Amino acid sequence: MAVAKQDNPVTQTSINHSVQHTSRMTNSTHFGFTTVSETEKARKVAEVFHSVAARYNLMNDLMSMGLHRLWKRFAIDVSGAKPGDKVLDIAGGTADLTRLFLEKTGSTGEVWLTDINNSMLSIGRDRMLNDGKSVPVAQCDAEKLPFPDNYFDRVCVAFGLRNMTHKDAALREMWRVLSPGGSLIVLEFSKVWKPLQPLYDTYSFKALPFMGKIVARDDTSYRYLAESIRMHPSQEELKQLMQQAGFERVEYFNLTAGVVALHRGYKF
Ligand SMILES: C[S@@+](CC[C@H](N)C(=O)[O-])C[C@H]1O[C@@H](n2cnc3c(N)ncnc32)[C@H](O)[C@@H]1O
């Protein structure tokens, strides 16, 4: 699909990229701690984000006690984004990263807000518009990005990779759309420093679903959050996945004792 920068954010910038999972339909995978078919996983992940979208930002502030704002700012700084850059925010949801990238790239840059989930994306797009900011928006699956090869200077995925069924395919797509010299930033929950594990487990499996129930009227989605974090590759495993997808000079930074890790890799 050709990519064109569009001027009208409301009527022209939403690209619906329908996804056909054909040969992969019968394979099994995990949804949190449960084994499900790949199509079932995609459906369940979509359900989670349709359900939490309206309270997503409030829950993020409560659950992380505001720390997610610092993690995201750090990610933007480490990305090296600069005025004029073309940036792709994958699984951008409610547009936190898109907004921060826009501050770096300025009016000469181009920052795309993308996500597979219409409920999350609508909130992200509306937040941008309410701020008087116009960015191109595309509803698309990270595993099949509707952008040409070598198009972006920076690609970012924050707290999204964990939910993807084929992380390897998604990372290869991120590599494909990056221009040589460009970098990928992956911000994601990771493996916490071992001595903190018991405390972190109690917090994740008891406090998070409780907060989800009170604030978002949905404890199941926040139980999935805790489980999906445990199923996500460790810092070193994700580094290897990125290298296998073609990224070079891959390194990571542990944030808040490894609750979150920021990975950066380059395409040369
Ligand atoms: C936890 S939210 C993160 C939103 C935002 N990046 C942030 O940091 O606040 C995860 C997002 O990943 C999106 N997502 C899940 N699977 C995806 C896929 N295959 N392709 C694109 N986005 C996906 C969800 O729809 C959801 O909006």
# chains A, B, ... in the order shown; residues from 1 in each chain; ligands from 1
$ closest_atom_pairs --of "chain A" --to "ligand 1" --cutoff "6 Å" --atoms "only C-alpha atoms and all ligand atoms" --output "tab-separated table"
residue	atom	partner	partner_atom_place_in_ligand_line	distance
A:Phe49	CA	ligand 1	25 (O)	5.6
A:Ala91	CA	ligand 1	22 (N)	3.7
A:Gly92	CA	ligand 1	6 (N)	3.9
A:Gly93	CA	ligand 1	27 (O)	3.9
A:Thr94	CA	ligand 1	5 (C)	5.9
A:Asp96	CA	ligand 1	9 (O)	5.7
A:Asp115	CA	ligand 1	22 (N)	4.1
A:Ile116	CA	ligand 1	21 (C)	4.1
A:Asn117	CA	ligand 1	25 (O)	4.2
A:Met120	CA	ligand 1	27 (O)	5.2
A:Cys140	CA	ligand 1	21 (C)	6.0
A:Asp141	CA	ligand 1	20 (N)	3.7
A:Ala142	CA	ligand 1	20 (N)	3.8
A:Glu143	CA	ligand 1	19 (N)	5.9
A:Ala158	CA	ligand 1	6 (N)	4.3
A:Phe159	CA	ligand 1	3 (C)	4.6
A:Gly160	CA	ligand 1	12 (O)	3.8
A:Asn163	CA	ligand 1	15 (C)	4.9
A:Met164	CA	ligand 1	19 (N)	4.7
$ write_last_selection --atoms "C-alpha atoms" --output "PDB file, in the first residue's frame"
ATOM      1  CA  PHE A  49      -8.266  -3.244  24.497  1.00  0.00           C
ATOM      2  CA  ALA A  91       0.562  -0.074  18.782  1.00  0.00           C
ATOM      3  CA  GLY A  92       0.385   3.605  19.601  1.00  0.00           C
ATOM      4  CA  GLY A  93      -2.997   3.326  21.328  1.00  0.00           C
ATOM      5  CA  THR A  94      -3.920   6.543  23.083  1.00  0.00           C
ATOM      6  CA  ASP A  96       1.325   9.077  24.456  1.00  0.00           C
ATOM      7  CA  ASP A 115      -2.713   0.549  16.174  1.00  0.00           C
ATOM      8  CA  ILE A 116      -4.710  -2.553  15.338  1.00  0.00           C
ATOM      9  CA  ASN A 117      -7.527  -1.578  17.705  1.00  0.00           C
ATOM     10  CA  MET A 120      -7.658   2.682  21.362  1.00  0.00           C
ATOM     11  CA  CYS A 140      -3.080  -1.711  11.016  1.00  0.00           C
ATOM     12  CA  ASP A 141      -1.517  -4.916  12.291  1.00  0.00           C
ATOM     13  CA  ALA A 142       2.159  -4.603  13.218  1.00  0.00           C
ATOM     14  CA  GLU A 143       2.731  -7.977  11.582  1.00  0.00           C
ATOM     15  CA  ALA A 158       5.629   0.773  23.545  1.00  0.00           C
ATOM     16  CA  PHE A 159       3.879  -1.900  25.610  1.00  0.00           C
ATOM     17  CA  GLY A 160       2.540  -3.437  22.410  1.00  0.00           C
ATOM     18  CA  ASN A 163       0.347  -8.648  22.809  1.00  0.00           C
ATOM     19  CA  MET A 164       1.452  -9.658  19.326  1.00  0.00           C
TER      20      MET A 164
END
$ residues_around --residues "segment 65-69 of chain A" --least-positions-apart "4" --cutoff "9 Å" --atoms "only C-alpha atoms" --output "list in words"
Asn60, Asp61, Arg73, Phe74, Asp96 and Thr256 of chain A
$ closest_residue --among "A:Leu113, A:Ala207, A:Leu255, A:Leu184" --to "Phe268 of chain A" --atoms "only C-alpha atoms"
A:Leu184
$ closest_residue --among "A:Gly258, A:Asp89, A:Ser190, A:Ala75" --to "Met174 of chain A" --atoms "only C-alpha atoms"
A:Asp89
$ residues_around --residues "segment 242-246 of chain A" --least-positions-apart "3" --cutoff "7 Å" --atoms "only C-alpha atoms" --output "ChimeraX atom specification"
/A:168,171-172,175,238-239,250
$ closest_residue --among "A:Lys133, A:His50, A:Lys72, A:Arg230" --to "Gln197 of chain A" --atoms "only C-alpha atoms"
A:Arg230
$ atom_distance --atom1 "atom CA of Ser221 of chain A" --atom2 "atom CA of Ile123 of chain A"
18.4 Å
$ closest_residue --among "A:His30, A:Lys144, A:Arg55, A:Lys41" --to "Val215 of chain A" --atoms "only C-alpha atoms"
A:Arg55
$ atom_distance --atom1 "atom CA of Tyr203 of chain A" --atom2 "atom CA of Glu38 of chain A"
29.0 Å
$ closest_residue --among "A:Val48, A:Thr202, A:Arg217, A:Val87" --to "Val177 of chain A" --atoms "only C-alpha atoms"
A:Val87
$ select_by_dssp --residues "segment 27-191 of chain A" --states "strand (DSSP E or B)" --output "ChimeraX atom specification"
/A:28-31,34-37,86-90,110-115,137-139,152-158,178-189
$ write_last_selection --atoms "C-alpha atoms" --output "short mmCIF file (atom, residue, chain, number, x, y, z; two decimals), in the first residue's frame"
data_model
loop_
_atom_site.label_atom_id
_atom_site.label_comp_id
_atom_site.auth_asym_id
_atom_site.auth_seq_id
_atom_site.Cartn_x
_atom_site.Cartn_y
_atom_site.Cartn_z
CA SER A 28 -1.76 -22.51 19.02
CA THR A 29 -0.21 -19.81 21.15
CA HIS A 30 -0.69 -18.30 24.59
CA PHE A 31 -3.06 -15.67 25.86
CA THR A 34 -3.93 -19.98 28.70
CA THR A 35 -3.19 -21.87 25.49
CA VAL A 36 -5.45 -20.72 22.66
CA SER A 37 -5.51 -20.78 18.87
CA LYS A 86 9.71 10.36 9.92
CA VAL A 87 8.50 8.32 12.90
CA LEU A 88 6.20 5.32 13.16
CA ASP A 89 4.43 4.73 16.50
CA ILE A 90 3.29 1.09 16.38
CA GLU A 110 6.05 13.19 10.12
CA VAL A 111 4.76 11.04 13.00
CA TRP A 112 2.29 8.24 12.26
CA LEU A 113 -0.05 6.99 14.97
CA THR A 114 -0.98 3.36 14.29
CA ASP A 115 -2.71 0.55 16.17
CA VAL A 137 -3.41 7.77 11.62
CA ALA A 138 -3.57 4.19 10.38
CA GLN A 139 -5.39 1.17 11.79
CA PHE A 152 10.90 5.72 8.55
CA ASP A 153 13.85 7.17 10.47
CA ARG A 154 12.52 5.91 13.82
CA VAL A 155 10.11 3.15 14.71
CA CYS A 156 8.74 2.67 18.20
CA VAL A 157 6.55 0.10 19.92
CA ALA A 158 5.63 0.77 23.55
CA LEU A 178 13.07 1.48 8.75
CA SER A 179 15.52 3.34 6.57
CA PRO A 180 19.20 2.36 6.81
CA GLY A 181 20.70 4.17 9.82
CA GLY A 182 17.29 4.26 11.50
CA SER A 183 16.51 2.86 14.93
CA LEU A 184 13.80 0.82 16.60
CA ILE A 185 12.78 1.44 20.20
CA VAL A 186 10.91 -1.27 22.09
CA LEU A 187 9.53 -0.27 25.49
CA GLU A 188 8.01 -3.24 27.29
CA PHE A 189 7.49 -4.89 30.65
#
$ select_by_dssp --residues "segment 7-245 of chain A" --states "alpha helix (DSSP H)" --output "ChimeraX atom specification"
/A:38-52,56-64,67-79,96-105,118-130,167-177,197-202,208-215,219-231,235-244
$ atom_distance --atom1 "atom CA of Trp71 of chain A" --atom2 "atom CA of Leu262 of chain A"
8.4 Å
$ closest_residue --among "A:Tyr200, A:Phe101, A:Arg176, A:Asn27" --to "Tyr151 of chain A" --atoms "only C-alpha atoms"
A:Arg176
